[in-house]
file protein_11.cif (mmCIF, C-alpha atoms)
data_protein
loop_
_atom_site.group_PDB
_atom_site.id
_atom_site.type_symbol
_atom_site.label_atom_id
_atom_site.label_comp_id
_atom_site.auth_asym_id
_atom_site.auth_seq_id
_atom_site.Cartn_x
_atom_site.Cartn_y
_atom_site.Cartn_z
ATOM 1 C CA MET Z 1 12.285 -20.727 5.812
ATOM 2 C CA PRO Z 2 10.844 -17.373 4.642
ATOM 3 C CA ALA Z 3 7.120 -16.906 5.179
ATOM 4 C CA ILE Z 4 6.920 -15.522 1.625
ATOM 5 C CA HIS Z 5 9.478 -16.121 -1.117
ATOM 6 C CA ILE Z 6 9.168 -14.708 -4.642
ATOM 7 C CA GLU Z 7 11.540 -15.566 -7.464
ATOM 8 C CA ASN Z 8 11.604 -13.723 -10.819
ATOM 9 C CA LEU Z 9 7.811 -13.337 -10.885
ATOM 10 C CA ARG Z 10 6.192 -11.997 -14.050
ATOM 11 C CA ARG Z 11 2.562 -11.258 -14.879
ATOM 12 C CA VAL Z 12 1.510 -10.125 -18.349
ATOM 13 C CA PHE Z 13 -2.022 -9.069 -19.310
ATOM 14 C CA GLN Z 14 -3.380 -9.072 -22.853
ATOM 15 C CA THR Z 15 -5.739 -6.296 -23.904
ATOM 16 C CA THR Z 16 -6.936 -4.581 -27.084
ATOM 17 C CA THR Z 17 -6.818 -0.941 -28.184
ATOM 18 C CA GLY Z 18 -8.657 1.069 -30.814
ATOM 19 C CA VAL Z 19 -12.260 1.133 -31.997
ATOM 20 C CA VAL Z 20 -12.126 0.605 -35.763
ATOM 21 C CA ARG Z 21 -8.718 -1.003 -36.078
ATOM 22 C CA ARG Z 22 -8.384 -3.046 -32.936
ATOM 23 C CA ALA Z 23 -4.884 -4.121 -31.977
ATOM 24 C CA ARG Z 24 -3.680 -6.466 -29.279
ATOM 25 C CA LYS Z 25 -1.527 -4.932 -26.570
ATOM 26 C CA GLU Z 26 0.602 -6.561 -23.920
ATOM 27 C CA ILE Z 27 0.747 -4.987 -20.440
ATOM 28 C CA VAL Z 28 3.543 -6.107 -18.129
ATOM 29 C CA ALA Z 29 2.190 -5.738 -14.586
ATOM 30 C CA LEU Z 30 5.084 -7.545 -12.866
ATOM 31 C CA ASP Z 31 8.510 -7.794 -14.451
ATOM 32 C CA GLY Z 32 10.919 -10.124 -12.665
ATOM 33 C CA VAL Z 33 9.954 -9.459 -9.039
ATOM 34 C CA SER Z 34 12.050 -11.232 -6.390
ATOM 35 C CA LEU Z 35 11.899 -10.775 -2.614
ATOM 36 C CA SER Z 36 11.502 -12.615 0.695
ATOM 37 C CA VAL Z 37 9.458 -11.891 3.827
ATOM 38 C CA GLU Z 38 10.461 -13.414 7.150
ATOM 39 C CA PRO Z 39 8.013 -15.120 9.566
ATOM 40 C CA GLY Z 40 6.390 -12.625 11.938
ATOM 41 C CA GLU Z 41 7.454 -9.656 9.830
ATOM 42 C CA LEU Z 42 5.170 -6.734 9.021
ATOM 43 C CA PHE Z 43 6.236 -6.070 5.435
ATOM 44 C CA GLY Z 44 5.089 -3.054 3.434
ATOM 45 C CA LEU Z 45 4.736 -2.637 -0.321
ATOM 46 C CA LEU Z 46 4.747 0.883 -1.758
ATOM 47 C CA GLY Z 47 4.198 2.007 -5.317
ATOM 48 C CA PRO Z 48 2.209 4.402 -7.504
ATOM 49 C CA ASN Z 49 -1.058 3.422 -9.182
ATOM 50 C CA GLY Z 50 -0.386 0.810 -11.831
ATOM 51 C CA ALA Z 51 2.908 -0.305 -10.282
ATOM 52 C CA GLY Z 52 1.631 -3.873 -9.762
ATOM 53 C CA LYS Z 53 0.939 -3.918 -5.998
ATOM 54 C CA THR Z 54 -2.540 -5.482 -6.164
ATOM 55 C CA THR Z 55 -1.435 -7.905 -8.902
ATOM 56 C CA LEU Z 56 1.402 -9.155 -6.700
ATOM 57 C CA THR Z 57 -0.891 -9.466 -3.683
ATOM 58 C CA LYS Z 58 -3.465 -11.443 -5.666
ATOM 59 C CA ILE Z 59 -0.816 -13.868 -6.943
ATOM 60 C CA LEU Z 60 0.482 -14.473 -3.415
ATOM 61 C CA ALA Z 61 -3.107 -14.920 -2.208
ATOM 62 C CA THR Z 62 -3.674 -17.623 -4.904
ATOM 63 C CA ILE Z 63 -6.328 -15.496 -6.650
ATOM 64 C CA LEU Z 64 -4.318 -14.786 -9.811
ATOM 65 C CA LEU Z 65 -1.888 -16.990 -11.749
ATOM 66 C CA PRO Z 66 1.590 -15.700 -12.627
ATOM 67 C CA THR Z 67 2.764 -15.726 -16.238
ATOM 68 C CA SER Z 68 6.188 -17.038 -15.219
ATOM 69 C CA GLY Z 69 8.457 -17.280 -12.225
ATOM 70 C CA GLY Z 70 7.375 -18.664 -8.879
ATOM 71 C CA ALA Z 71 6.297 -17.835 -5.352
ATOM 72 C CA THR Z 72 5.836 -19.767 -2.138
ATOM 73 C CA VAL Z 73 3.902 -18.858 1.009
ATOM 74 C CA LEU Z 74 4.645 -20.869 4.162
ATOM 75 C CA GLY Z 75 6.707 -23.183 1.989
ATOM 76 C CA HIS Z 76 3.818 -24.002 -0.373
ATOM 77 C CA ASP Z 77 3.749 -23.120 -4.057
ATOM 78 C CA VAL Z 78 1.002 -20.549 -4.754
ATOM 79 C CA VAL Z 79 0.002 -22.350 -7.968
ATOM 80 C CA LYS Z 80 0.370 -26.047 -7.120
ATOM 81 C CA ASP Z 81 -0.519 -26.094 -3.411
ATOM 82 C CA THR Z 82 -3.559 -23.811 -3.201
ATOM 83 C CA ALA Z 83 -5.665 -26.366 -1.291
ATOM 84 C CA LYS Z 84 -3.027 -26.614 1.441
ATOM 85 C CA LEU Z 85 -2.261 -22.915 1.481
ATOM 86 C CA ARG Z 86 -5.645 -21.165 1.505
ATOM 87 C CA PRO Z 87 -6.742 -22.370 4.963
ATOM 88 C CA ARG Z 88 -3.539 -20.884 6.418
ATOM 89 C CA MET Z 89 -3.828 -17.365 4.978
ATOM 90 C CA GLY Z 90 -6.124 -14.391 5.431
ATOM 91 C CA ILE Z 91 -6.973 -11.944 2.646
ATOM 92 C CA VAL Z 92 -8.338 -8.429 3.153
ATOM 93 C CA PHE Z 93 -8.969 -6.338 0.036
ATOM 94 C CA GLY Z 94 -11.583 -4.122 1.668
ATOM 95 C CA GLY Z 95 -13.986 -1.864 -0.203
ATOM 96 C CA GLU Z 96 -17.719 -2.389 -0.594
ATOM 97 C CA ARG Z 97 -17.593 -5.915 -1.995
ATOM 98 C CA GLY Z 98 -17.168 -9.192 -0.180
ATOM 99 C CA LEU Z 99 -19.722 -8.609 2.581
ATOM 100 C CA TYR Z 100 -23.386 -9.594 2.787
ATOM 101 C CA TRP Z 101 -25.212 -6.354 3.522
ATOM 102 C CA ARG Z 102 -28.532 -7.893 4.613
ATOM 103 C CA LEU Z 103 -26.786 -9.986 7.253
ATOM 104 C CA SER Z 104 -25.471 -8.681 10.552
ATOM 105 C CA GLY Z 105 -21.780 -8.257 11.178
ATOM 106 C CA ARG Z 106 -21.835 -11.302 13.435
ATOM 107 C CA ASP Z 107 -23.595 -13.436 10.793
ATOM 108 C CA ASN Z 108 -21.051 -12.341 8.166
ATOM 109 C CA VAL Z 109 -18.116 -13.496 10.272
ATOM 110 C CA GLN Z 110 -19.928 -16.705 11.229
ATOM 111 C CA TYR Z 111 -20.683 -17.432 7.570
ATOM 112 C CA PHE Z 112 -17.004 -17.198 6.632
ATOM 113 C CA ALA Z 113 -16.099 -19.319 9.649
ATOM 114 C CA ASP Z 114 -18.395 -21.999 8.202
ATOM 115 C CA LEU Z 115 -16.806 -21.620 4.754
ATOM 116 C CA TYR Z 116 -13.366 -22.179 6.270
ATOM 117 C CA LYS Z 117 -14.744 -25.170 8.192
ATOM 118 C CA VAL Z 118 -13.750 -23.721 11.544
ATOM 119 C CA GLU Z 119 -14.770 -26.123 14.309
ATOM 120 C CA PRO Z 120 -18.096 -24.989 15.875
ATOM 121 C CA GLU Z 121 -16.625 -24.810 19.369
ATOM 122 C CA ALA Z 122 -13.702 -22.685 18.139
ATOM 123 C CA ALA Z 123 -16.035 -20.464 16.086
ATOM 124 C CA ARG Z 124 -18.255 -19.764 19.112
ATOM 125 C CA LYS Z 125 -15.265 -18.221 20.856
ATOM 126 C CA ARG Z 126 -13.472 -16.722 17.862
ATOM 127 C CA VAL Z 127 -16.350 -14.812 16.206
ATOM 128 C CA PRO Z 128 -17.159 -12.569 19.209
ATOM 129 C CA ALA Z 129 -13.448 -12.198 19.981
ATOM 130 C CA LEU Z 130 -12.760 -10.911 16.451
ATOM 131 C CA LEU Z 131 -15.700 -8.511 16.551
ATOM 132 C CA GLU Z 132 -14.348 -7.117 19.799
ATOM 133 C CA LEU Z 133 -10.826 -6.917 18.336
ATOM 134 C CA VAL Z 134 -12.006 -4.683 15.464
ATOM 135 C CA GLY Z 135 -14.278 -2.581 17.670
ATOM 136 C CA LEU Z 136 -17.638 -3.897 16.417
ATOM 137 C CA LYS Z 137 -18.777 -5.713 19.548
ATOM 138 C CA ASP Z 138 -21.606 -3.247 20.257
ATOM 139 C CA ARG Z 139 -22.804 -3.157 16.608
ATOM 140 C CA ALA Z 140 -22.333 -6.853 15.827
ATOM 141 C CA ASP Z 141 -26.051 -7.642 15.515
ATOM 142 C CA GLU Z 142 -26.886 -4.760 13.173
ATOM 143 C CA ARG Z 143 -27.174 -5.244 9.417
ATOM 144 C CA VAL Z 144 -24.021 -4.400 7.481
ATOM 145 C CA GLU Z 145 -26.020 -2.116 5.152
ATOM 146 C CA GLY Z 146 -26.177 0.349 8.069
ATOM 147 C CA TYR Z 147 -22.422 0.295 8.712
ATOM 148 C CA SER Z 148 -20.142 3.204 7.866
ATOM 149 C CA ARG Z 149 -17.251 2.649 5.463
ATOM 150 C CA GLY Z 150 -14.821 2.397 8.366
ATOM 151 C CA MET Z 151 -16.958 -0.218 10.064
ATOM 152 C CA LYS Z 152 -17.098 -2.251 6.861
ATOM 153 C CA GLN Z 153 -13.317 -2.126 6.567
ATOM 154 C CA ARG Z 154 -12.989 -3.365 10.145
ATOM 155 C CA LEU Z 155 -15.464 -6.149 9.403
ATOM 156 C CA HIS Z 156 -13.280 -7.135 6.434
ATOM 157 C CA ILE Z 157 -10.386 -7.527 8.884
ATOM 158 C CA ALA Z 158 -12.484 -9.748 11.181
ATOM 159 C CA ARG Z 159 -13.595 -11.837 8.192
ATOM 160 C CA GLY Z 160 -9.979 -12.206 7.018
ATOM 161 C CA LEU Z 161 -8.874 -13.476 10.442
ATOM 162 C CA VAL Z 162 -11.686 -15.936 11.079
ATOM 163 C CA ASN Z 163 -9.541 -18.947 10.123
ATOM 164 C CA ASP Z 164 -6.715 -17.785 12.453
ATOM 165 C CA PRO Z 165 -4.282 -17.407 9.504
ATOM 166 C CA GLU Z 166 -0.504 -17.483 9.790
ATOM 167 C CA VAL Z 167 -0.071 -14.960 6.949
ATOM 168 C CA VAL Z 168 -2.378 -11.979 6.386
ATOM 169 C CA PHE Z 169 -2.525 -9.965 3.140
ATOM 170 C CA LEU Z 170 -3.867 -6.421 3.550
ATOM 171 C CA ASP Z 171 -4.347 -4.476 0.318
ATOM 172 C CA GLU Z 172 -4.707 -0.756 1.145
ATOM 173 C CA PRO Z 173 -6.947 -1.415 4.166
ATOM 174 C CA THR Z 174 -7.234 2.244 5.263
ATOM 175 C CA ILE Z 175 -7.859 3.872 1.872
ATOM 176 C CA GLY Z 176 -10.800 6.265 1.971
ATOM 177 C CA LEU Z 177 -11.200 6.101 5.760
ATOM 178 C CA ASP Z 178 -11.454 9.144 8.005
ATOM 179 C CA PRO Z 179 -8.439 9.750 10.291
ATOM 180 C CA VAL Z 180 -10.084 8.261 13.391
ATOM 181 C CA ALA Z 181 -11.174 5.061 11.612
ATOM 182 C CA ALA Z 182 -7.759 4.724 9.927
ATOM 183 C CA ARG Z 183 -5.977 5.083 13.276
ATOM 184 C CA GLU Z 184 -8.166 2.396 14.847
ATOM 185 C CA LEU Z 185 -7.488 0.054 11.926
ATOM 186 C CA ARG Z 186 -3.735 0.608 12.219
ATOM 187 C CA GLN Z 187 -3.961 -0.438 15.846
ATOM 188 C CA VAL Z 188 -5.582 -3.692 14.700
ATOM 189 C CA VAL Z 189 -2.737 -4.245 12.205
ATOM 190 C CA ARG Z 190 -0.157 -3.734 14.955
ATOM 191 C CA GLY Z 191 -2.046 -6.307 17.006
ATOM 192 C CA LEU Z 192 -1.640 -8.867 14.214
ATOM 193 C CA LYS Z 193 2.143 -8.519 14.334
ATOM 194 C CA ASP Z 194 2.101 -8.687 18.132
ATOM 195 C CA ALA Z 195 0.181 -11.971 17.803
ATOM 196 C CA GLY Z 196 3.062 -13.397 15.746
ATOM 197 C CA LYS Z 197 1.376 -13.292 12.344
ATOM 198 C CA THR Z 198 3.200 -12.397 9.143
ATOM 199 C CA VAL Z 199 1.550 -9.326 7.588
ATOM 200 C CA PHE Z 200 1.964 -8.240 3.951
ATOM 201 C CA LEU Z 201 0.619 -4.680 3.677
ATOM 202 C CA THR Z 202 0.185 -2.486 0.611
ATOM 203 C CA SER Z 203 -0.548 1.195 1.104
ATOM 204 C CA HIS Z 204 -0.372 4.637 -0.524
ATOM 205 C CA TYR Z 205 0.185 6.305 2.834
ATOM 206 C CA MET Z 206 3.868 6.840 3.641
ATOM 207 C CA PHE Z 207 3.347 7.678 7.316
ATOM 208 C CA GLU Z 208 1.384 4.439 7.676
ATOM 209 C CA ILE Z 209 4.207 2.341 6.227
ATOM 210 C CA ASP Z 210 6.742 4.294 8.306
ATOM 211 C CA ALA Z 211 4.812 3.726 11.542
ATOM 212 C CA LEU Z 212 3.909 0.061 11.012
ATOM 213 C CA CYS Z 213 6.416 -1.815 8.875
ATOM 214 C CA ASP Z 214 9.670 -3.584 9.704
ATOM 215 C CA ARG Z 215 10.764 -3.422 6.070
ATOM 216 C CA VAL Z 216 9.333 -1.988 2.879
ATOM 217 C CA ALA Z 217 9.699 -2.698 -0.842
ATOM 218 C CA VAL Z 218 9.193 0.070 -3.394
ATOM 219 C CA LEU Z 219 7.592 -1.165 -6.618
ATOM 220 C CA GLY Z 220 7.732 0.861 -9.819
ATOM 221 C CA LYS Z 221 6.470 -0.228 -13.250
ATOM 222 C CA GLY Z 222 6.415 -3.870 -12.180
ATOM 223 C CA LYS Z 223 9.978 -3.899 -10.818
ATOM 224 C CA ILE Z 224 11.330 -3.809 -7.278
ATOM 225 C CA LEU Z 225 13.298 -0.567 -6.957
ATOM 226 C CA THR Z 226 14.562 -1.214 -3.431
ATOM 227 C CA VAL Z 227 13.879 -3.237 -0.262
ATOM 228 C CA ASP Z 228 14.941 -1.821 3.092
ATOM 229 C CA THR Z 229 13.758 -0.551 6.466
ATOM 230 C CA PRO Z 230 11.847 2.760 6.565
ATOM 231 C CA SER Z 231 14.762 4.314 8.485
ATOM 232 C CA ALA Z 232 17.270 3.228 5.834
ATOM 233 C CA LEU Z 233 15.093 4.592 3.051
ATOM 234 C CA LYS Z 234 14.899 7.955 4.804
ATOM 235 C CA ARG Z 235 18.695 8.039 4.884
ATOM 236 C CA LEU Z 236 18.604 8.234 1.072
ATOM 237 C CA VAL Z 237 17.501 11.846 1.493
ATOM 238 C CA ALA Z 238 19.212 12.571 4.827
ATOM 239 C CA ASP Z 239 21.582 15.074 3.179
ATOM 240 C CA LEU Z 240 18.705 17.035 1.653
ATOM 241 C CA GLU Z 241 16.216 19.591 2.859
ATOM 242 C CA VAL Z 242 12.740 20.053 1.421
ATOM 243 C CA VAL Z 243 11.463 23.495 0.498
ATOM 244 C CA GLU Z 244 7.665 23.580 0.158
ATOM 245 C CA ILE Z 245 6.428 26.516 -1.908
ATOM 246 C CA GLU Z 246 2.697 27.196 -2.074
ATOM 247 C CA CYS Z 247 1.879 29.141 -5.226
ATOM 248 C CA PHE Z 248 -0.718 29.870 -7.909
ATOM 249 C CA GLY Z 249 -0.370 29.767 -11.681
ATOM 250 C CA VAL Z 250 3.051 28.176 -12.070
ATOM 251 C CA ASP Z 251 3.548 26.776 -15.579
ATOM 252 C CA ALA Z 252 5.531 23.848 -16.939
ATOM 253 C CA ALA Z 253 8.332 26.034 -18.292
ATOM 254 C CA THR Z 254 8.941 27.594 -14.871
ATOM 255 C CA ILE Z 255 9.002 24.168 -13.203
ATOM 256 C CA ALA Z 256 11.487 22.971 -15.835
ATOM 257 C CA ARG Z 257 13.780 25.935 -15.014
ATOM 258 C CA LEU Z 258 13.519 25.060 -11.330
ATOM 259 C CA ARG Z 259 14.490 21.454 -12.054
ATOM 260 C CA ARG Z 260 17.534 22.645 -14.051
ATOM 261 C CA HIS Z 261 18.950 24.479 -11.031
ATOM 262 C CA PRO Z 262 22.372 22.844 -10.442
ATOM 263 C CA ARG Z 263 21.679 22.102 -6.766
ATOM 264 C CA VAL Z 264 18.084 20.873 -7.072
ATOM 265 C CA ASP Z 265 17.754 17.121 -6.629
ATOM 266 C CA SER Z 266 14.059 16.785 -7.483
ATOM 267 C CA VAL Z 267 10.804 18.753 -7.725
ATOM 268 C CA ASN Z 268 7.441 17.219 -6.874
ATOM 269 C CA ILE Z 269 4.121 18.993 -7.502
ATOM 270 C CA GLU Z 270 0.899 18.557 -5.523
ATOM 271 C CA THR Z 271 -2.452 20.311 -5.826
ATOM 272 C CA ARG Z 272 -4.176 21.128 -2.550
ATOM 273 C CA GLU Z 273 -7.536 22.891 -2.824
ATOM 274 C CA GLN Z 274 -6.609 24.823 -5.993
ATOM 275 C CA THR Z 275 -3.176 25.675 -4.584
ATOM 276 C CA GLN Z 276 -0.024 24.265 -6.189
ATOM 277 C CA VAL Z 277 2.603 23.034 -3.729
ATOM 278 C CA LEU Z 278 6.128 22.609 -5.078
ATOM 279 C CA GLN Z 279 8.278 20.276 -2.975
ATOM 280 C CA VAL Z 280 11.877 21.014 -3.894
ATOM 281 C CA GLN Z 281 14.584 18.676 -2.575
ATOM 282 C CA ALA Z 282 18.037 20.227 -2.373
ATOM 283 C CA PRO Z 283 21.100 20.220 -0.095
ATOM 284 C CA ALA Z 284 20.925 23.213 2.249
ATOM 285 C CA GLY Z 285 17.506 24.056 0.822
ATOM 286 C CA ALA Z 286 16.946 26.994 3.177
ATOM 287 C CA GLU Z 287 19.980 28.759 1.716
ATOM 288 C CA LEU Z 288 18.552 28.393 -1.796
ATOM 289 C CA VAL Z 289 15.093 29.838 -1.149
ATOM 290 C CA GLN Z 290 15.970 33.188 -2.723
ATOM 291 C CA ASP Z 291 17.262 31.377 -5.838
ATOM 292 C CA PHE Z 292 13.974 29.487 -6.116
ATOM 293 C CA LEU Z 293 11.903 32.643 -5.674
ATOM 294 C CA ARG Z 294 13.879 34.371 -8.427
ATOM 295 C CA ILE Z 295 13.088 31.498 -10.776
ATOM 296 C CA LEU Z 296 9.417 31.817 -9.749
ATOM 297 C CA ASP Z 297 9.404 35.563 -10.454
ATOM 298 C CA GLY Z 298 5.929 36.516 -11.666
ATOM 299 C CA VAL Z 299 4.284 33.550 -9.923
ATOM 300 C CA ARG Z 300 2.068 34.337 -6.942
ATOM 301 C CA VAL Z 301 3.728 32.714 -3.916
ATOM 302 C CA SER Z 302 1.700 32.518 -0.699
ATOM 303 C CA LYS Z 303 3.943 30.480 1.616
ATOM 304 C CA VAL Z 304 7.458 29.020 1.832
ATOM 305 C CA VAL Z 305 8.416 26.372 4.417
ATOM 306 C CA THR Z 306 11.656 24.439 4.859
ATOM 307 C CA ARG Z 307 11.540 21.028 6.568
ATOM 308 C CA GLN Z 308 13.494 17.808 7.012
ATOM 309 C CA PRO Z 309 12.799 14.975 4.549
ATOM 310 C CA THR Z 310 10.349 12.155 5.332
ATOM 311 C CA LEU Z 311 9.783 8.639 4.001
ATOM 312 C CA GLU Z 312 7.489 10.180 1.400
ATOM 313 C CA ASP Z 313 10.378 12.292 0.116
ATOM 314 C CA ALA Z 314 12.566 9.193 -0.152
ATOM 315 C CA TYR Z 315 9.748 7.462 -2.034
ATOM 316 C CA VAL Z 316 9.405 10.399 -4.448
ATOM 317 C CA LYS Z 317 13.155 10.356 -5.031
ATOM 318 C CA LEU Z 318 13.040 6.645 -5.888
ATOM 319 C CA VAL Z 319 9.867 6.518 -7.939
ATOM 320 C CA GLY Z 320 10.280 9.884 -9.599
ATOM 321 C CA LYS Z 321 13.594 8.957 -11.165
ATOM 322 C CA GLU Z 322 14.228 5.215 -11.145
ATOM 323 C CA ALA Z 323 10.686 4.213 -12.036
ATOM 324 C CA MET Z 324 11.097 6.116 -15.273
ATOM 325 C CA GLN Z 325 14.080 3.892 -16.116
ATOM 326 C CA ALA Z 326 12.499 0.602 -14.959
#
call {"tool": "encode", "arguments": {"input": "protein_11.cif", "output": "structure tokens"}}
result
Amino acid sequence: MPAIHIENLRRVFQTTTGVVRRARKEIVALDGVSLSVEPGELFGLLGPNGAGKTTLTKILATILLPTSGGATVLGHDVVKDTAKLRPRMGIVFGGERGLYWRLSGRDNVQYFADLYKVEPEAARKRVPALLELVGLKDRADERVEGYSRGMKQRLHIARGLVNDPEVVFLDEPTIGLDPVAARELRQVVRGLKDAGKTVFLTSHYMFEIDALCDRVAVLGKGKILTVDTPSALKRLVADLEVVEIECFGVDAATIARLRRHPRVDSVNIETREQTQVLQVQAPAGAELVQDFLRILDGVRVSKVVTRQPTLEDAYVKLVGKEAMQA
């Protein structure tokens, strides 16, 4: 039996637009999502902002009702069997909410242990063990209001594990963390898989998904674009090279000409500290650098680098094209 099974899941939100003439508008957050996650699997969910990642996570965590379709976690329906299901899952959304700042880290975890009705004897052992697991053993008796953002995120993990769940939902747990704190948190996530737990992880960070996950689903405009291993996804762009061009003042017309080049597969644009970085995917990209520079004639180019494609490049290839059609 899959740990998580989703069948044709839809979620539609109703909202209004306009100030004088208000009109009702329907937003489709999830549009026929179907997938399965195996027991003990560390499963990743990728997608741009607004793709429906958090909506899907909240439905699986029994926080939000679907409009249609169905989903089961550990064999229980997420709508009908919430009372049976909630004690067996852990939910970590992170951020500033969900913690009691005037209590210590230890008291926060103990409070949630009481809410989950963890046996007192088990809680006496589990609370300090969790604080040690997330690296808060030495700061456990300090008020949470004095914790850094990374410490709060780690406390969220401890809180989400206090009931010893079989399935753990992690919604962008490392977002906004410094590199050291994010690395420590990823080690904790690896430990969850090693302990035999099923982990459902959403993230914006490609290297994080690549390093942690057994399989990954790419979500675009409420639809599943693909489900595969990170290695298989990278093979989608294995025949391409990526040419990164750092430049200043490139306009939309020039980028359009670059995209029309017969051998260019895709062009992605990033802004890094007032510098535009064009990431051009093309077969034998190094051989085409002079072509690209001719198209960029008149644009100030500071650096050109050719590299092999990554999971992020495969993601851009999928979302940049297929998400527009979804």
call {"tool": "axis_aligned_box", "arguments": {"input": "protein_11.cif", "around": "stretch 243-253 of chain Z", "padding_each_side": "5 Å", "output": "JSON"}}
result
{"center_x": 5.4, "center_y": 26.7, "center_z": -8.9, "size_x": 22.2, "size_y": 16.4, "size_z": 28.8}
call {"tool": "closest_residue", "arguments": {"input": "protein_11.cif", "among": "Z:Asp228, Z:Asp194, Z:Asp138, Z:Glu184", "to": "Z:Leu35", "atoms": "all atoms listed in the file"}}
result
Z:Asp228
call {"tool": "atom_distance", "arguments": {"input": "protein_11.cif", "atom1": "atom CA of Z:Leu45", "atom2": "atom CA of Z:Ala217"}}
result
5.0 Å
call {"tool": "closest_residue", "arguments": {"input": "protein_11.cif", "among": "Z:Arg102, Z:Cys247, Z:Gln274, Z:Ile6", "to": "Z:Val299", "atoms": "all atoms listed in the file"}}
result
Z:Cys247
call {"tool": "closest_residue", "arguments": {"input": "protein_11.cif", "among": "Z:Ala284, Z:Cys213, Z:Leu219, Z:Val162", "to": "Z:Ala122", "atoms": "only C-alpha atoms"}}
result
Z:Val162
call {"tool": "closest_residue", "arguments": {"input": "protein_11.cif", "among": "Z:Arg159, Z:Arg186, Z:Lys152, Z:Arg143", "to": "Z:Ala123", "atoms": "only C-alpha atoms"}}
result
Z:Arg159
call {"tool": "atom_distance", "arguments": {"input": "protein_11.cif", "atom1": "atom CA of Z:Pro39", "atom2": "atom CA of Z:Thr57"}}
result
16.9 Å
call {"tool": "resolve_selection", "arguments": {"input": "protein_11.cif", "expression": "the PyMOL selection byres ((chain Z and resi 216) around 9)", "output": "ChimeraX atom specification"}}
result
/Z:42-46,209-210,213-215,217-218,226-230,233
call {"tool": "closest_residue", "arguments": {"input": "protein_11.cif", "among": "Z:Arg183, Z:Arg106, Z:Arg149, Z:Arg272", "to": "Z:Ala129", "atoms": "all atoms listed in the file"}}
result
Z:Arg106
call {"tool": "atom_distance", "arguments": {"input": "protein_11.cif", "atom1": "atom CA of Z:Arg235", "atom2": "atom CA of Z:Ile269"}}
result
22.0 Å
call {"tool": "resolve_selection", "arguments": {"input": "protein_11.cif", "expression": "the PyMOL selection byres ((chain Z and resi 79) around 12)", "output": "compact mmCIF listing (two decimals) with C-alpha atoms, in the coordinates of the input"}}
result
# COMPACT_ATOMS: atom_id res chain seq x y z
CA LYS Z 58 -3.46 -11.44 -5.67
CA ILE Z 59 -0.82 -13.87 -6.94
CA LEU Z 60 0.48 -14.47 -3.42
CA ALA Z 61 -3.11 -14.92 -2.21
CA THR Z 62 -3.67 -17.62 -4.90
CA ILE Z 63 -6.33 -15.50 -6.65
CA LEU Z 64 -4.32 -14.79 -9.81
CA LEU Z 65 -1.89 -16.99 -11.75
CA PRO Z 66 1.59 -15.70 -12.63
CA THR Z 67 2.76 -15.73 -16.24
CA SER Z 68 6.19 -17.04 -15.22
CA GLY Z 69 8.46 -17.28 -12.22
CA GLY Z 70 7.38 -18.66 -8.88
CA ALA Z 71 6.30 -17.84 -5.35
CA THR Z 72 5.84 -19.77 -2.14
CA VAL Z 73 3.90 -18.86 1.01
CA HIS Z 76 3.82 -24.00 -0.37
CA ASP Z 77 3.75 -23.12 -4.06
CA VAL Z 78 1.00 -20.55 -4.75
CA LYS Z 80 0.37 -26.05 -7.12
CA ASP Z 81 -0.52 -26.09 -3.41
CA THR Z 82 -3.56 -23.81 -3.20
CA ALA Z 83 -5.66 -26.37 -1.29
CA LYS Z 84 -3.03 -26.61 1.44
CA LEU Z 85 -2.26 -22.92 1.48
CA ARG Z 86 -5.64 -21.16 1.50
call {"tool": "resolve_selection", "arguments": {"input": "protein_11.cif", "expression": "the PyMOL selection byres ((chain Z and resi 163-167) around 6)", "output": "VMD selection string"}}
result
chain Z and resid 88 to 90 161 to 162 168 197 to 199
call {"tool": "residues_near_point", "arguments": {"input": "protein_11.cif", "point": "(6.0, 25.3, -12.4)", "cutoff": "10 Å", "atoms": "only C-alpha atoms", "output": "JSON, numbers by chain"}}
result
{"Z": [247, 248, 249, 250, 251, 252, 253, 254, 255, 256, 257, 258, 259, 267, 268, 269, 276, 277, 278, 295, 296, 299]}
call {"tool": "closest_residue", "arguments": {"input": "protein_11.cif", "among": "Z:Thr174, Z:Ser36, Z:Gln187, Z:Gln14", "to": "Z:Pro2", "atoms": "all atoms listed in the file"}}
result
Z:Ser36
call {"tool": "residues_around", "arguments": {"input": "protein_11.cif", "residues": "Z:Gly47", "least_positions_apart": "2", "cutoff": "9 Å", "atoms": "all atoms listed in the file", "output": "PyMOL selection string"}}
result
chain Z and resi 45+49-53+202-204+217-221+315+319
call {"tool": "residues_around", "arguments": {"input": "protein_11.cif", "residues": "Z:Gly222", "least_positions_apart": "5", "cutoff": "10 Å", "atoms": "only C-alpha atoms", "output": "PyMOL selection string"}}
result
chain Z and resi 9-11+28-33+47+50-53+55-56+323+326
call {"tool": "residues_around", "arguments": {"input": "protein_11.cif", "residues": "Z:Leu136", "least_positions_apart": "6", "cutoff": "12 Å", "atoms": "all atoms listed in the file", "output": "PyMOL selection string"}}
result
chain Z and resi 104-106+109+127-130+142-144+147-148+150-158+184-185
